[in-house]
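Q: Structure provided below as structure tokens; questions to follow.
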Number of protein chains: 2
Amino acid sequence: MPDTSNRKAQILQTAAALFRERGYQAASMRDIATAMHIEAASLYHHIKSKEEILEIICFDMAEQFLSTIVEVNDIYFNAEEKLRMAILNHVRLITQNQERSAVFLHEWRSLPEVSLNSFLALRNQYENGFKQIVKEGIEEDIFGQVEPKFAVLSILSSVNWINEWYKPDGKMNAEEIAKNISDFVLGGLRKKLVTDLGYKP
Amino acid sequence: MPDTSNRKAQILQTAAALFRERGYQAASMRDIATAMHIEAASLYHHIKSKEEILEIICFDMAEQFLSTIVEVNDIYFNAEEKLRMAILNHVRLITQNQERSAVFLHEWRSLPEVSLNSFLALRNQYENGFKQIVKEGIEEDIFGQVEPKFAVLSILSSVNWINEWYKPDGKMNAEEIAKNISDFVLGGLRKKLVTDLGYKP
DNA sequence: CATGTTGCCTAACATTTGTTAGACAAATAT
DNA sequence: ATATTTGTCTAACAAATGTTAGGCAACATG
């Protein structure tokens with residue numbers, strides 16, 4: 001007797017887990033149904049099609065990611081603070097919903113062409129949010145003369161990779177992971193004689 | 001009248017391109033055959049099964065990646081040199097064969113269980129090669145006190161991400177990309193007053 | 001010339017896929 | 001009590017999947 005109120009949400013979550021585990025194409029409607037202890041046909045009283053499931057998950061996550069970076073740009077002023085906060089929000093979203101994040105990160109390729117284009121537009125917006133922060137940091141003379149494109153790609157790839165190895169029962173929480181990555185991204189690997197250049201607000 | 005000498009290699013290359021574009025599950029034997037202007041059944045005179053194609057590609061690339069890091073550890077002595085060279089080799093392998101690299105990076109999940117285990121063992125070996133270099137750098141006091149696991153994951157994720165955006169007709173070649181990433185990884189983002197600590201060999 | 005090999009073909013197969021139609025029971029509303 | 005909605009079921013579908021069997025033509029080898 002499953003709680004009938006949010007059956008659709010259950011389907012989305014179950015589907016996300018299976019999409020993540022086996023990939024969108026390899027996870028069948030019957031797999032999803034079996035995981036919920038119902039028949040495949042029953043799913044269609046809640047959702048229109050398999051593609052609709054993918055679309056809902058991808059666009060829902062895209063909006064969540066986007067809203068966090070908008071928030072960061074509204075609240076914080078210093079580029080380093082902004083970057084640390086953007087990374088933290090990203091890590092939080094990924095660790096708090098690994099299944100749906102994985103679909104957002106990898107399975108969007110299976111979106112039908114029309115949805116695919118709008119999805120890529122949203123993803124580009126998100127990347128531009130990061131690029132904007134890096135550019136600000138360079139202009140404010142807080143960051144060195146790096147290539148913004150490379151910096152953003154490196155940051156996002158590091159931060160997305162979390163999804164491949166993070167286990168909820170591991171030793172680190174989102175905050176610690178975010179701090180480690182932020183420190184690494186900001187500080188780099190090579191040992192230096194360092195004096196931070198203070199910035200005067 | 002296709003050159004019959006290396007027909008199998010052609011199949012592997014065509015399959016790799018399709019596996020990359022659509023994913024292993026979504027790319028059918030008929031798709032591969034059509035791309036080669038033959039019938040699906042004809043493929044089976046050259047390969048045993050669809051899974052065999054995947055296995056050959058994954059393990060071939062795994063061996064290539066592994067051999068480069070062994071080479072690096074044989075030739076170079078300084079940790080920074082080793083790391084730069086390892087990154088360069090990695091970038092070269094990816095840019096020189098994007099299709100097969102993409103399969104190695106993403107489609108191995110579809111390997112049958114037995115192959116999967118040996119594959120993951122090889123991949124672990126490769127990651128450990130990098131981790132070894134980072135540890136050496138810390139011991140030699142060339143690198144700062146970073147968490148090797150994080151450093152390696154960040155480096156590899158950055159370097160693997162190349163496969164998502166690199167276009168052979170783009171402005172940058174493998175060497176330039178590798179230098180950019182190496183500089184970023186080693187130097188980080190934050191501006192500092194820097195004096196390199198010379199190491200005395 | 002005969003012989004075997006190579007590479008491809010057509011035809012067919014069992015299975016799995018996403019999806020629809022229609023029925024039945026329980027819960028809810030009137 | 002009656003009517004309606006909701007969630008599930010069984011049954012079935014057309015299409016696509018990986019794969020096999022058997023045959024035919026071109027070529028190389030004895």
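By convention here, the chains of the structure tokens are called A, B, ... in the order presented, each chain's residues are numbered starting at 1, and ligands are numbered starting at 1 in the order presented.
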Select, as a list in words, those residues of chain C with any atom no more than 12 Å from chain A (distances computed using only C-alpha atoms (C1' of nucleotides)).
A: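 Output check: DT16, DT17, DG18, DT19, DT20, DA21, DA26 and DA27 of chain C.
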Q: Write out as a list of chain:residue names the residues lying within 12 Å of DC27 (chain D), counting only C-alpha atoms (C1' of nucleotides) and excluding same-chain residues fewer than 6 positions away.
A: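 The filter keeps B:Thr4, C:DT3, C:DG4, C:DT5, C:DT6, C:DG7.
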Q: Between C:DC13, C:DC8, C:DA29, C:DC24, single out the one closest to DG18 (chain D), counting only C-alpha atoms (C1' of nucleotides).
A: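 Ranking C:DC13, C:DC8, C:DA29, C:DC24 by distance to DG18 (chain D), first place goes to C:DC13.
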Q: For the structure I just gave you, how does DSSP split region 15-200 of chain B - specifically, which residues are strand (DSSP E or B)? Reply as a count of residues only.
A: 4
Q: Find the nearest atom pair between each residue of chain A and chain D for residues within 10 Å, count only C-alpha atoms (C1' of nucleotides), give distances in Å to one decimal, sort rows by chain and ascending number, and present the table as JSON lines.
A:
{"residue": "A:Thr4", "atom": "CA", "partner": "D:DG7", "partner_atom": "C1'", "distance": 8.4}
{"residue": "A:Arg7", "atom": "CA", "partner": "D:DG7", "partner_atom": "C1'", "distance": 9.9}
{"residue": "A:Ile38", "atom": "CA", "partner": "D:DT8", "partner_atom": "C1'", "distance": 7.7}
{"residue": "A:Glu39", "atom": "CA", "partner": "D:DC9", "partner_atom": "C1'", "distance": 7.6}
{"residue": "A:Ala41", "atom": "CA", "partner": "D:DC9", "partner_atom": "C1'", "distance": 8.5}
{"residue": "A:Ser42", "atom": "CA", "partner": "D:DT8", "partner_atom": "C1'", "distance": 6.0}
{"residue": "A:Leu43", "atom": "CA", "partner": "D:DT8", "partner_atom": "C1'", "distance": 9.3}
{"residue": "A:His45", "atom": "CA", "partner": "D:DG7", "partner_atom": "C1'", "distance": 7.7}
{"residue": "A:His46", "atom": "CA", "partner": "D:DG7", "partner_atom": "C1'", "distance": 9.4}
Q: Could you work out how far CA of Leu105 (chain B) lies from CA of Met61 (chain A), giving the answer in Å with one decimal?
A: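 Calculated distance between CA of Met61 (chain A) and CA of Leu105 (chain B) is 23.7 Å.
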Q: Find the residues of chain A in contact range of chain B, meaning any atom within 10 Å when counting only C-alpha atoms, and list them as a ChimeraX atom specification.
A: /A:21-27,80,106-107,109-110,134,137-138,141-147,150-162,165,177,180-198
Q: Taking C-alpha atoms for each residue, export the selection above as a PDB file, in the first residue's frame.
A:
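In the end it all went to again.pdb:
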ATOM      1  CA  GLU A  21      23.309   2.379 -12.630  1.00  0.00           C
ATOM      2  CA  ARG A  22      22.749   1.000 -16.123  1.00  0.00           C
ATOM      3  CA  GLY A  23      22.310   4.018 -18.372  1.00  0.00           C
ATOM      4  CA  TYR A  24      19.073   5.341 -19.838  1.00  0.00           C
ATOM      5  CA  GLN A  25      18.926   2.933 -22.764  1.00  0.00           C
ATOM      6  CA  ALA A  26      19.805  -0.142 -20.760  1.00  0.00           C
ATOM      7  CA  ALA A  27      17.274   0.501 -18.011  1.00  0.00           C
ATOM      8  CA  GLU A  80      36.986  33.932  -4.195  1.00  0.00           C
ATOM      9  CA  HIS A 106      25.514  11.861 -18.179  1.00  0.00           C
ATOM     10  CA  GLU A 107      22.149  10.693 -19.484  1.00  0.00           C
ATOM     11  CA  ARG A 109      22.531  12.711 -24.292  1.00  0.00           C
ATOM     12  CA  SER A 110      19.466  10.529 -24.762  1.00  0.00           C
ATOM     13  CA  VAL A 134      36.583  33.594 -12.803  1.00  0.00           C
ATOM     14  CA  GLY A 137      38.468  37.370 -10.059  1.00  0.00           C
ATOM     15  CA  ILE A 138      40.978  38.198 -12.757  1.00  0.00           C
ATOM     16  CA  ASP A 141      43.290  41.058  -9.463  1.00  0.00           C
ATOM     17  CA  ILE A 142      42.494  38.286  -6.999  1.00  0.00           C
ATOM     18  CA  PHE A 143      43.128  35.521  -9.487  1.00  0.00           C
ATOM     19  CA  GLY A 144      46.197  35.205 -11.680  1.00  0.00           C
ATOM     20  CA  GLN A 145      46.200  35.442 -15.449  1.00  0.00           C
ATOM     21  CA  VAL A 146      44.554  32.132 -16.253  1.00  0.00           C
ATOM     22  CA  GLU A 147      42.524  31.155 -19.271  1.00  0.00           C
ATOM     23  CA  PHE A 150      40.344  26.170 -18.950  1.00  0.00           C
ATOM     24  CA  ALA A 151      39.819  27.181 -15.371  1.00  0.00           C
ATOM     25  CA  VAL A 152      36.076  26.636 -15.565  1.00  0.00           C
ATOM     26  CA  LEU A 153      36.394  23.320 -17.355  1.00  0.00           C
ATOM     27  CA  SER A 154      38.923  22.120 -14.801  1.00  0.00           C
ATOM     28  CA  ILE A 155      36.807  23.239 -11.884  1.00  0.00           C
ATOM     29  CA  LEU A 156      33.575  21.755 -13.183  1.00  0.00           C
ATOM     30  CA  SER A 157      35.157  18.494 -14.193  1.00  0.00           C
ATOM     31  CA  SER A 158      36.744  18.070 -10.770  1.00  0.00           C
ATOM     32  CA  VAL A 159      33.523  18.868  -9.058  1.00  0.00           C
ATOM     33  CA  ASN A 160      31.432  16.635 -11.318  1.00  0.00           C
ATOM     34  CA  TRP A 161      33.801  13.736 -10.814  1.00  0.00           C
ATOM     35  CA  ILE A 162      32.650  13.588  -7.213  1.00  0.00           C
ATOM     36  CA  TRP A 165      33.373   8.143  -6.180  1.00  0.00           C
ATOM     37  CA  ILE A 177      34.794  17.878   0.019  1.00  0.00           C
ATOM     38  CA  ASN A 180      39.332  20.368  -0.320  1.00  0.00           C
ATOM     39  CA  ILE A 181      38.462  20.973  -3.942  1.00  0.00           C
ATOM     40  CA  SER A 182      38.284  24.736  -3.507  1.00  0.00           C
ATOM     41  CA  ASP A 183      41.670  24.800  -1.790  1.00  0.00           C
ATOM     42  CA  PHE A 184      43.184  22.708  -4.534  1.00  0.00           C
ATOM     43  CA  VAL A 185      41.622  24.739  -7.327  1.00  0.00           C
ATOM     44  CA  LEU A 186      42.670  28.021  -5.761  1.00  0.00           C
ATOM     45  CA  GLY A 187      46.051  26.978  -4.452  1.00  0.00           C
ATOM     46  CA  GLY A 188      47.343  24.540  -7.015  1.00  0.00           C
ATOM     47  CA  LEU A 189      49.899  21.853  -6.473  1.00  0.00           C
ATOM     48  CA  ARG A 190      53.328  23.415  -6.637  1.00  0.00           C
ATOM     49  CA  LYS A 191      54.980  24.613  -3.458  1.00  0.00           C
ATOM     50  CA  LYS A 192      55.672  28.309  -3.417  1.00  0.00           C
ATOM     51  CA  LEU A 193      56.799  31.098  -1.179  1.00  0.00           C
ATOM     52  CA  VAL A 194      53.461  32.678  -0.721  1.00  0.00           C
ATOM     53  CA  THR A 195      52.197  36.017   0.438  1.00  0.00           C
ATOM     54  CA  ASP A 196      48.574  36.577  -0.337  1.00  0.00           C
ATOM     55  CA  LEU A 197      47.919  39.829  -2.072  1.00  0.00           C
ATOM     56  CA  GLY A 198      45.396  41.493   0.144  1.00  0.00           C
TER      57      GLY A 198
END
Q: Could you list, as a PyMOL selection string, every residue within 9 Å of Leu122 (chain B), counting only C-alpha atoms (C1' of nucleotides) and ignoring same-chain residues fewer than 2 positions away?
A: chain B and resi 59+62-63+66+117-120+124-127
Q: Just to be explicit: take each residue in the selection above, keep N, CA and C atoms, and write the result as an mmCIF file, in the first residue's frame.
A:
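This went into again.cif:
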data_model
loop_
_atom_site.group_PDB
_atom_site.id
_atom_site.type_symbol
_atom_site.label_atom_id
_atom_site.label_comp_id
_atom_site.auth_asym_id
_atom_site.auth_seq_id
_atom_site.Cartn_x
_atom_site.Cartn_y
_atom_site.Cartn_z
ATOM 1 N N PHE B 59 40.146 -2.755 -23.300
ATOM 2 C CA PHE B 59 41.416 -3.286 -22.801
ATOM 3 C C PHE B 59 42.602 -2.778 -23.606
ATOM 4 N N ALA B 62 43.201 0.655 -22.255
ATOM 5 C CA ALA B 62 43.724 0.548 -20.891
ATOM 6 C C ALA B 62 45.225 0.248 -20.923
ATOM 7 N N GLU B 63 45.606 -0.673 -21.802
ATOM 8 C CA GLU B 63 47.030 -1.008 -21.902
ATOM 9 C C GLU B 63 47.853 0.158 -22.410
ATOM 10 N N LEU B 66 48.228 2.621 -19.577
ATOM 11 C CA LEU B 66 49.145 2.086 -18.571
ATOM 12 C C LEU B 66 50.597 2.165 -19.022
ATOM 13 N N ASN B 117 35.764 -6.605 -13.928
ATOM 14 C CA ASN B 117 36.675 -6.634 -12.783
ATOM 15 C C ASN B 117 38.128 -6.451 -13.199
ATOM 16 N N SER B 118 38.555 -7.152 -14.224
ATOM 17 C CA SER B 118 39.955 -6.993 -14.645
ATOM 18 C C SER B 118 40.183 -5.594 -15.208
ATOM 19 N N PHE B 119 39.154 -5.069 -15.876
ATOM 20 C CA PHE B 119 39.297 -3.704 -16.397
ATOM 21 C C PHE B 119 39.497 -2.704 -15.271
ATOM 22 N N LEU B 120 38.662 -2.801 -14.249
ATOM 23 C CA LEU B 120 38.774 -1.859 -13.136
ATOM 24 C C LEU B 120 40.125 -1.985 -12.443
ATOM 25 N N ASN B 124 42.648 1.088 -11.979
ATOM 26 C CA ASN B 124 43.193 1.410 -10.666
ATOM 27 C C ASN B 124 44.710 1.541 -10.704
ATOM 28 N N GLN B 125 45.325 0.619 -11.450
ATOM 29 C CA GLN B 125 46.786 0.673 -11.595
ATOM 30 C C GLN B 125 47.217 2.019 -12.165
ATOM 31 N N TYR B 126 46.472 2.459 -13.173
ATOM 32 C CA TYR B 126 46.802 3.734 -13.815
ATOM 33 C C TYR B 126 46.657 4.884 -12.823
ATOM 34 N N GLU B 127 45.557 4.905 -12.109
ATOM 35 C CA GLU B 127 45.351 5.959 -11.107
ATOM 36 C C GLU B 127 46.449 5.937 -10.055
#
Q: Just the number, please: distance in Å from CA of Pro168 (chain A) to CA of Ile11 (chain A), one decimal.
A: 21.6 Å
Q: For region 69-76 of chain A, find every residue with an atom within 12 Å (counting only C-alpha atoms (C1' of nucleotides)), except residues of its own chain fewer than 5 positions away, and show them as a PyMOL selection string.
A: chain A and resi 62-64+81-90+93+123+125-133+136
Q: Interatomic distance between CA of Tyr166 (chain A) and CA of Pro112 (chain B)?
A: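 Taking CA of Tyr166 (chain A) as the start and CA of Pro112 (chain B) as the end point, the length is 23.6 Å.
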